[in-house]
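Visitor: Take a look at the following structure, please.
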Number of protein chains: 6
Amino acid sequence: MLIDERLIRLALEEDIGSGDITTEALVEGPVSATARIIAKEPLVLAGLEATRQVFLVLDPAVRFESDCRDGHRVEAPCTVATVSAGLGALLTGERTALNFLQHLSGIATFTRRFVDKVRGTKVRLTDTRKTTPGWRRLEKYAVRMGGGYNHRFGLHDGILIKDNHIKACGGIAVAVERARARKGHLLRIEVETKTLDEVREALENNVDVIMLDNMGLDAIQKAVNLIGGRALVEVSGGVHLDTVAELAATGVDLISIGALTHSARAVDISMDLVSIDEDRKRSL
Amino acid sequence: MLIDERLIRLALEEDIGSGDITTEALVEGPVSATARIIAKEPLVLAGLEATRQVFLVLDPAVRFESDCRDGHRVEAPCTVATVSAGLGALLTGERTALNFLQHLSGIATFTRRFVDKVRGTKVRLTDTRKTTPGWRRLEKYAVRMGGGYNHRFGLHDGILIKDNHIKACGGIAVAVERARARKGHLLRIEVETKTLDEVREALENNVDVIMLDNMGLDAIQKAVNLIGGRALVEVSGGVHLDTVAELAATGVDLISIGALTHSARAVDISMDLVSIDEDRKRSL
Amino acid sequence: MLIDERLIRLALEEDIGSGDITTEALVEGPVSATARIIAKEPLVLAGLEATRQVFLVLDPAVRFESDCRDGHRVEAPCTVATVSAGLGALLTGERTALNFLQHLSGIATFTRRFVDKVRGTKVRLTDTRKTTPGWRRLEKYAVRMGGGYNHRFGLHDGILIKDNHIKACGGIAVAVERARARKGHLLRIEVETKTLDEVREALENNVDVIMLDNMGLDAIQKAVNLIGGRALVEVSGGVHLDTVAELAATGVDLISIGALTHSARAVDISMDLVSIDEDRKRSL
Amino acid sequence: MLIDERLIRLALEEDIGSGDITTEALVEGPVSATARIIAKEPLVLAGLEATRQVFLVLDPAVRFESDCRDGHRVEAPCTVATVSAGLGALLTGERTALNFLQHLSGIATFTRRFVDKVRGTKVRLTDTRKTTPGWRRLEKYAVRMGGGYNHRFGLHDGILIKDNHIKACGGIAVAVERARARKGHLLRIEVETKTLDEVREALENNVDVIMLDNMGLDAIQKAVNLIGGRALVEVSGGVHLDTVAELAATGVDLISIGALTHSARAVDISMDLVSIDEDRKRSL
Amino acid sequence: MLIDERLIRLALEEDIGSGDITTEALVEGPVSATARIIAKEPLVLAGLEATRQVFLVLDPAVRFESDCRDGHRVEAPCTVATVSAGLGALLTGERTALNFLQHLSGIATFTRRFVDKVRGTKVRLTDTRKTTPGWRRLEKYAVRMGGGYNHRFGLHDGILIKDNHIKACGGIAVAVERARARKGHLLRIEVETKTLDEVREALENNVDVIMLDNMGLDAIQKAVNLIGGRALVEVSGGVHLDTVAELAATGVDLISIGALTHSARAVDISMDLVSIDEDRKRSL
Amino acid sequence: MLIDERLIRLALEEDIGSGDITTEALVEGPVSATARIIAKEPLVLAGLEATRQVFLVLDPAVRFESDCRDGHRVEAPCTVATVSAGLGALLTGERTALNFLQHLSGIATFTRRFVDKVRGTKVRLTDTRKTTPGWRRLEKYAVRMGGGYNHRFGLHDGILIKDNHIKACGGIAVAVERARARKGHLLRIEVETKTLDEVREALENNVDVIMLDNMGLDAIQKAVNLIGGRALVEVSGGVHLDTVAELAATGVDLISIGALTHSARAVDISMDLVSIDEDRKRSL
């Protein structure tokens with residue numbers, strides 16, 4: 001998992017600005033210390049590497065050790081990592097580091113709850129492009145850590161013809177024809193539909209994937225039957241924890257859920273200073 | 001409200017990457033169009049300017065018109081803005097623009113729900129530094145639009161001595177003494193306390209603000225009485241929609257709520273293409 | 001066609017550095033002028049927009065007019081654009097602007113020569129990822145202007161299992177199985193093969209596209225017959241102007257040619273100053 | 001040779017984008033491997049350091065070993081470097097790394113062919129500013145590796161009065177006078193001429209270097225005789241492999257050749273995976 | 001002290017540009033060397049870390065050793081640091097490194113001269129925001145090294161209502177009222193005054209700090225008496241080495257001095273090559 | 001004069017950080033205003049364009065009008081520019097804009113004082129590379145505005161062999177020989193000398209320019225006589241306002257003065273708000 005360093009630096013810059021005045025006033029000279037990062041509620045971890053990198057920017061000599069891995073479910077309270085670094089780096093980086101870990105673990109935890117509801121079925125739960133701007137790759141990574149799959153990473157790696165595209169072209173047939181003529185040979189075509197008539201039109205145009213957008217359960221079942229395996233079927237829109245299982249039971253191939261990334265709450269994780277290295281303190 | 005252009009560009013880059021292949025395949029030549037941005041649920045708006053800037057990067061000639069302003073509460077369905085731009089710019093920018101608007105309005109809406117609970121009291125509801133990394137200024141702006149106040153913007157504009165600082169110094173007295181000797185003359189000193197003993201120690205050291213961290217309602221009331229106006233009092237930790245009113249009734253000055261920024265869900269907003277400018281289409 | 005402004009700026013920075021000392025010494029005060037950009041040999045144009053942007057960075061008030069469009073074939077000599085701007089901007093930007101236009105038109109011209117050889121067949125000529133680092137999108141755009149198609153834009157928008165991947169996995173079957181389990185549902189799978197045995201193995205694993213890498217004409221014909229339409233067929237490696245037609249005649253679907261982007265020579269284009277705006281000169 | 005890291009990163013970003021989906025799907029866990037970089041045709045090497053840096057960005061622990069040096073001529077096939085790194089880094093970086101090495105070695109190889117033609121004469125073969133935008137320093141380095149010399153690096157480090165400058169000033173005399181009055185004391189003055197009359201005018205103004213632009217062989221010989229050592233003489237325009245020797249024989253001091261950088265074809269170099277580190281594989 | 005790497009890189013880029021042509025021509029192959037950085041006049045040191053980082057960018061293996069620390073007063077001549085690195089890195093980085101050290105030590109030295117004048121009083125000498133653009137944090141650091149205190153770091157970390165603000169609001173009372181209603185609870189309010197009437201108005205509005213701007217000594221004494229400890233008092237404007245002591249004697253709390261950062265002259269520091277590592281030279 | 005926008009943005013970012021809290025609290029809604037920029041002491045102007053650009057970043061609609069030009073000498077008090085923009089932009093940008101103008105005009109003013117001392121002689125006064133890091137081009141521009149000339153812009157545009165280079169090569173002869181063999185044909189060679197023996201050695205090696213470094217007046221006169229016009233002569237080191245005229249009288253060609261850029265004090269310039277646009281205020 002490659003972290004976009006720009007986001008780490010943006011985060012530290014916006015928090016530190018012209019300086020961490022509290023820490024600079026209170027900490028004298030170079031002192032090393034150790035802190036524990038502690039899960040305060042049961043959660044699925046995601047973001048250990050981003051967390052480590054926050055401290056790494058502040059102290060290149062940081063030691064960051066963990067018995068956990070991203071994707072692990074941990075009970076609470078549980079020490080998920082131990083960080084040894086300059087005392088100043090620990091105090092200055094604490095909030096930014098936790099902000100990464102709480103947000104990403106929040107997404108992984110929320111995703112796992114959905115995944116548990118459909119365990120045993122063939123359906124893939126996927127994210128959407130409804131991610132927090134600047135966080136696309138990290139949030140999609142957290143979804144995978146929760147057991148979900150990724151839909152498109154962006155506009156560049158998949159053809160998805162949506163309602164506004166269809167309006168712009170004057171119909172599904174024209175849109176699909178243009179896409180087929182110009183797209184790369186390694187890509188499939190997905191079309192968004194809102195009615196059974198549109199599903200039929202998509203089928204007639206031999207699309208590879210049909211998205212059923214915001215349809216009711218009955219309509220979805222009818223669409224699945226109509227399609228009959230001639231295209232992959234994706235359900236999208238208004239999926240909740242208490243409806244996802246019955247959606248899966250209709251036989252659809254994919255269920256995409258925007259809430260995984262745009263509405264997961266942060267989980268509770270904190271950092272506690274456990275020791276200050278007196279020896280090093282004395283010698284400096 | 002100044003938008004950090006880096007975040008807008010990061011967001012567009014991560015979504016567009018090597019190109020919006022669907023739109024490039026479907027849209028031929030320069031065609032202008034108009035779309036409506038529509039609130040699909042009641043909400044408090046925040047982020048119109050960021051939304052506009054997303055389209056502006058893609059089409060410098062965009063017209064973005066709105067009868068609403070950030071901070072307004074709107075019912076649903078309601079057109080909150082009308083965007084006229086190149087058809088390609090509209091289709092390519094839709095998701096990124098909505099991601100900004102849905103996230104920020106989500107925070108404003110959630111904040112307003114808290115604010116409504118304490119209306120009529122003197123208490124200020126504030127955010128924390130538990131923001132999404134890279135989004136500090138935008139999310140704190142959304143809190144203001146919801147009727148909340150901002151706590152520190154970062155480590156640079158306020159002295160807040162927290163538990164790990166106190167551990168690092170060996171006690172409140174030492175920490176406060178050091179902070180007072182070195183801080184700028186325009187800054188006050190706030191200290192985090194977890195017990196009434198710590199509250200007493202903070203008072204003895206003449207701090208300006210005392211934070212009561214994760215205390216129960218009884219302890220909070222005792223602390224308020226003990227302090228008796230000699231310092232401002234901030235409550236922090238575990239504040240919920242159904243507890244905020246009784247916290248306010250204790251007479252504290254400030255209640256800070258991390259959930260405002262780290263756990264607000266996105267609100268539902270969509271974009272509908274309403275017309276394609278045929279004249280311009282023909283001439284090009 | 002979106003230009004990555006970073007490349008334009010990198011190009012101007014490296015040429016101008018601490019200043020265009022010749023122009024600064026010779027040109028006094030603000031004087032406007034007009035220059036013609038002239039094709040000195042027959043060519044297919046590509047890069048007018050990048051050319052315009054070079055001058056735009058140096059003079060926001062530039063007027064850049066052209067009766068040509070990218071993709072047009074022009075005879076020589078022929079004025080392909082007229083640029084009016086500050087005299088200093090014209091003199092300073094000339095070389096950088098021409099460097100863009102000569103390089104991109106060189107690629108479009110070279111591509112068109114290949115395309116003319118296979119006109120009337122169903123085959124698609126495509127580029128590869130053998131582009132000049134930093135120039136991927138611009139060079140692939142020039143290929144399209146020459147009548148070619150684009151293969152993958154990068155490692156992110158297509159699954160292509162190459163020889164080193166197969167070695168790393170221990171065989172085609174394992175590689176295809178892993179790719180199928182983890183790839184997004186909008187992507188197809190292409191496998192590189194070097195022998196007919198590998199073609200058979202790829203077919204057995206139901207891949208979507210089979211690349212025949214560096215095979216002779218006979219082997220290619222056998223492979224096409226063997227595949228019999230069950231997968232798309234791409235030929236790659238050692239394609240030249242005098243062999244491309246017979247390759248197309250084998251019935252393959254795609255021929256990819258690295259030379260289109262890595263070995264096209266620049267075409268000859270120059271800029272001539274045609275007038276200096278005396279009125280403006282006098283008034284300043 | 002200092003590499004502009006921006007170009008390395010630009011190159012990797014454009015190739016990797018949102019992720020190397022093939023490698024991510026096929027490679028599990030951290031595995032180290034070794035690959036050979038192999039010249040497939042005789043060539044003059046240039047770009048080993050840029051090649052190394054591509055892998056270094058992807059794996060800070062890469063080992064890159066070579067018995068060759070930039071500027072060496074190698075026969076084919078020949079292993080020019082051995083790279084040990086994470087298997088993922090090797091697979092992801094292969095194409096970008098080779099794109100650097102093939103392009104730069106192509107320039108060095110092409111330059112050496114020209115240099116071999118004039119061996120034994122006093123003439124210096126130089127490049128021009130007709131380089132690929134963004135690649136100025138790297139391509140000029142490759143020219144040196146091929147045995148050529150560098151002309152100006154940009155507009156900042158030399159006074160060269162060209163045709164459009166002369167038009168802008170109204171004549172050679174005015175242009176030279178202005179340049180002499182304002183230029184730094186460490187710089188010489190070169191003037192471009194197209195006729196013997198212009199050569200005479202340049203001589204009368206005591207310029208340091210006279211460029212003969214696009215003149216025929218006879219005119220060049222007359223100009224050399226006329227100048228008689230009172231200025232350095234540079235020939236420019238339309239220089240080819242089969243004309244460079246007779247140009248050198250006229251006694252000119254410098255011959256500048258745009259084709260060295262804008263029209264050298266890439267040379268054939270590939271990368272082969274030679275081993276996967278099973279031990280490390282098992283332990284992870 | 002965190003250095004903004006952008007400034008270090010900006011500085012090296014502007015000095016090196018397309019290459020250090022003297023060093024590249026004179027130094028062959030990798031040779032290591034050692035140089036001494038020598039104070040040529042008595043001074044207070046500031047900027048050792050920035051100096052080290054200049055060489056670090058050019059040679060990651062640099063060794064930079066010093067018996068001094070920022071804030072130390074050194075006599076002349078005195079070796080303040082010894083640098084071992086590649087010979088090329090030493091020659092190329094010398095000027096840029098010294099530019100940092102001479103400028104920052106100049107500020108520290110100038111500040112110390114002021115501080116020595118008020119030693120024994122309670123007054124704090126502070127800088128202002130009149131710093132060299134791009135250098136705010138470094139110059140304010142140098143002031144601290146000289147024994148001064150920092151005023152605001154910027155517009156973000158303190159409320160200071162100046163003359164133009166008062167004009168914009170129509171008076172002190174309105175301005176203070178608005179600031180109090182909207183400012184964060186951790187900040188105090190300072191108001192700039194030019195007359196005793198304004199001092200009275202500020203007092204009536206209970207501001208925390210009153211700045212006396214460009215007042216004469218008599219007026220300052222009257223203001224101090226009038227304020228009588230009810231607010232901190234800052235003097236600003238026209239403070240010189242020969243007036244600072246009598247200003248301090250009036251009993252003001254703070255004296256701010258723009259000249260500390262905008263008018264300190266550079267101190268004289270040079271670098272001498274002391275040895276070239278012959279062994280390493282031979283082996284390379 | 002091209003401004004490096006990075007420096008303008010760096011300057012504004014460091015001053016504004018998370019927001020101009022005073023202005024944001026005091027100014028309500030969009031109000032336009034006009035301010036005057038006033039010279040408070042006699043000075044030579046430099047930096048009007050940088051000043052304008054500071055406001056331009058904050059308000060793209062700014063109007064910046066001036067009857068003065070860079071290089072003009074103005075008496076005091078004198079309005080040097082009038083700025084109309086949003087009231088917030090004026091208040092927020094004031095200090096940063098003045099910091100640019102005061103620093104650059106300080107350099108131009110100091111340079112003019114030196115230039116006035118040698119008026120009527122043939123000598124050129126030049127700057128050095130002892131500039132404030134990040135400010136090279138701006139400060140050298142200010143020197144020109146004061147009537148001085150520029151020495152090298154950096155290490156890239158001139159060969160200057162200094163003491164450490166000579167040590168590294170083992171002598172002047174070797175250094176000059178290497179430089180001549182490798183330098184571009186448009187560059188001259190300058191050598192730094194400290195004794196008459198070194199001057200003789202430089203002359204024997206036919207260098208173009210000889211720098212006399214830190215020599216006394218007598219030695220300088222002897223060196224000038226010895227050189228006798230066979231090379232340009234530059235004096236460097238310890239030049240002051242009261243010695244520059246007698247140095248010029250020795251007949252040297254160039255006198256370089258580091259103090260022009262590293263030790264000029266800022267001149268006194270302020271900004272006064274003169275009107276607030278009530279009409280616009282009312283309508284908003």
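As shown in the structure tokens, the chain order sets the letters A, B, ...; within each chain, residues go from 1, and ligands are also counted from 1 in the order they appear.
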I'd like the neighbourhood of region 163-178 of chain C as a PyMOL selection string, where a residue qualifies if any of its atoms comes within 10 Å (using only C-alpha atoms), though same-chain residues fewer than 3 positions away should be ignored.

Guide: (chain C and resi 159-160+181-183+189-194+198-199+201-202+204-207+213) or (chain D and resi 22-28+31+33+35+87-88+90-91+94+271-276)

Visitor: Please check the contacts: residues of chain D at most 12 Å away from chain B, using only C-alpha atoms, listed as a PyMOL selection string.

Guide: chain D and resi 13-19

Visitor: Please produce a file of those selected residues containing C-alpha atoms, as a short mmCIF file (atom, residue, chain, number, x, y, z; two decimals), in the first residue's frame.

Guide:
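Saved result, part.cif, follows:
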```
data_model
loop_
_atom_site.label_atom_id
_atom_site.label_comp_id
_atom_site.auth_asym_id
_atom_site.auth_seq_id
_atom_site.Cartn_x
_atom_site.Cartn_y
_atom_site.Cartn_z
CA GLU D 13 3.13 8.75 -11.38
CA GLU D 14 1.94 8.72 -14.95
CA ASP D 15 2.66 5.01 -15.28
CA ILE D 16 1.41 3.81 -11.91
CA GLY D 17 -1.47 6.20 -11.32
CA SER D 18 -3.89 4.58 -8.90
CA GLY D 19 -1.83 1.38 -8.72
#
```

Visitor: Env of Ala249 (chain F): 10 Å cut, atoms = only C-alpha atoms, seq-sep filter 5 positions within chain, self excluded. Answer as a VMD selection string.

Guide: chain F and resid 118 121 to 123 221 244

Visitor: Kindly save the residues from that selection, with N, CA, C and O atoms included, as a short mmCIF file (atom, residue, chain, number, x, y, z; two decimals), in the first residue's frame.

Guide:
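again-v7.cif, freshly written:
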```
data_model
loop_
_atom_site.label_atom_id
_atom_site.label_comp_id
_atom_site.auth_asym_id
_atom_site.auth_seq_id
_atom_site.Cartn_x
_atom_site.Cartn_y
_atom_site.Cartn_z
N VAL F 118 30.73 56.94 -7.66
CA VAL F 118 31.68 56.66 -8.75
C VAL F 118 31.16 57.19 -10.09
O VAL F 118 31.68 56.84 -11.15
N THR F 121 33.07 57.80 -13.69
CA THR F 121 34.17 56.88 -14.00
C THR F 121 33.62 55.77 -14.89
O THR F 121 32.41 55.65 -15.07
N LYS F 122 34.53 54.94 -15.41
CA LYS F 122 34.11 53.85 -16.30
C LYS F 122 33.76 52.59 -15.51
O LYS F 122 33.32 51.60 -16.07
N VAL F 123 33.97 52.62 -14.20
CA VAL F 123 33.85 51.39 -13.42
C VAL F 123 32.39 50.92 -13.34
O VAL F 123 31.46 51.73 -13.31
N GLN F 221 46.60 48.89 -7.14
CA GLN F 221 47.17 49.75 -8.17
C GLN F 221 48.29 49.04 -8.93
O GLN F 221 48.36 49.11 -10.15
N VAL F 244 34.96 53.43 -1.95
CA VAL F 244 34.66 52.99 -3.31
C VAL F 244 35.23 53.96 -4.36
O VAL F 244 35.68 53.53 -5.44
#
```

Visitor: What's the 9 Å shell around Val115 (chain B), counting only C-alpha atoms, without same-chain residues fewer than 4 positions away, as a PyMOL selection string?

Guide: chain B and resi 110-111+119+124-125+146-148

Visitor: Using only N, CA and C atoms, please write the residues we just selected to a file, as a JSON list (two decimals), in the first residue's frame.

Guide:
```
[["chain", "number", "residue", "atom", "x", "y", "z"],
["B", 110, "PHE", "N", -24.92, 18.17, 11.00],
["B", 110, "PHE", "CA", -24.75, 17.47, 12.27],
["B", 110, "PHE", "C", -24.49, 18.48, 13.39],
["B", 111, "THR", "N", -23.68, 19.48, 13.12],
["B", 111, "THR", "CA", -23.39, 20.51, 14.12],
["B", 111, "THR", "C", -24.68, 21.24, 14.51],
["B", 119, "ARG", "N", -29.65, 25.72, 22.43],
["B", 119, "ARG", "CA", -30.08, 27.08, 22.12],
["B", 119, "ARG", "C", -30.65, 27.72, 23.38],
["B", 124, "ARG", "N", -20.79, 27.61, 24.49],
["B", 124, "ARG", "CA", -20.28, 27.53, 23.13],
["B", 124, "ARG", "C", -19.98, 26.06, 22.83],
["B", 125, "LEU", "N", -20.51, 25.55, 21.69],
["B", 125, "LEU", "CA", -20.11, 24.21, 21.23],
["B", 125, "LEU", "C", -18.92, 24.39, 20.29],
["B", 146, "GLY", "N", -22.53, 25.53, 10.75],
["B", 146, "GLY", "CA", -23.57, 24.83, 11.51],
["B", 146, "GLY", "C", -23.92, 25.54, 12.80],
["B", 147, "GLY", "N", -23.19, 26.61, 13.14],
["B", 147, "GLY", "CA", -23.48, 27.35, 14.35],
["B", 147, "GLY", "C", -22.52, 27.06, 15.49],
["B", 148, "GLY", "N", -21.52, 26.23, 15.24],
["B", 148, "GLY", "CA", -20.53, 25.94, 16.27],
["B", 148, "GLY", "C", -19.40, 26.95, 16.27]]
```

Visitor: Need to verify the contact set: Arg6 (chain A), 9 Å, only C-alpha atoms, exclusion of same-chain residues closer than 4 positions in sequence. Can you return it as a list in words?

Guide: Leu10 and Ala11 of chain A; Leu10 of chain B

Visitor: Taking into account only C-alpha atoms, which residue in the set A:Arg112, A:Arg188, A:Arg230, A:His103 is nearest to Thr126 (chain A)?

Guide: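 Distance minimum relative to Thr126 (chain A) lands on A:Arg112.
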
Visitor: Enumerate, as a count of residues only, the complete set of residues in region 51-229 of chain C that a backbone-based DSSP assignment places in helix (DSSP H, G or I).

Guide: 87

Visitor: Which of these, E:Asp277, E:Cys68, E:Gly228, E:Tyr149, has the shortest distance to Leu254 (chain E) once you count only C-alpha atoms?

Guide: E:Tyr149

Visitor: Using only C-alpha atoms, which protein or nucleic acid residues come within 6 Å of Val44 (chain A)? Drop anything in the same chain fewer than 2 positions from it, and give the result as a ChimeraX atom specification.

Guide: /A:71-73,105,108-109
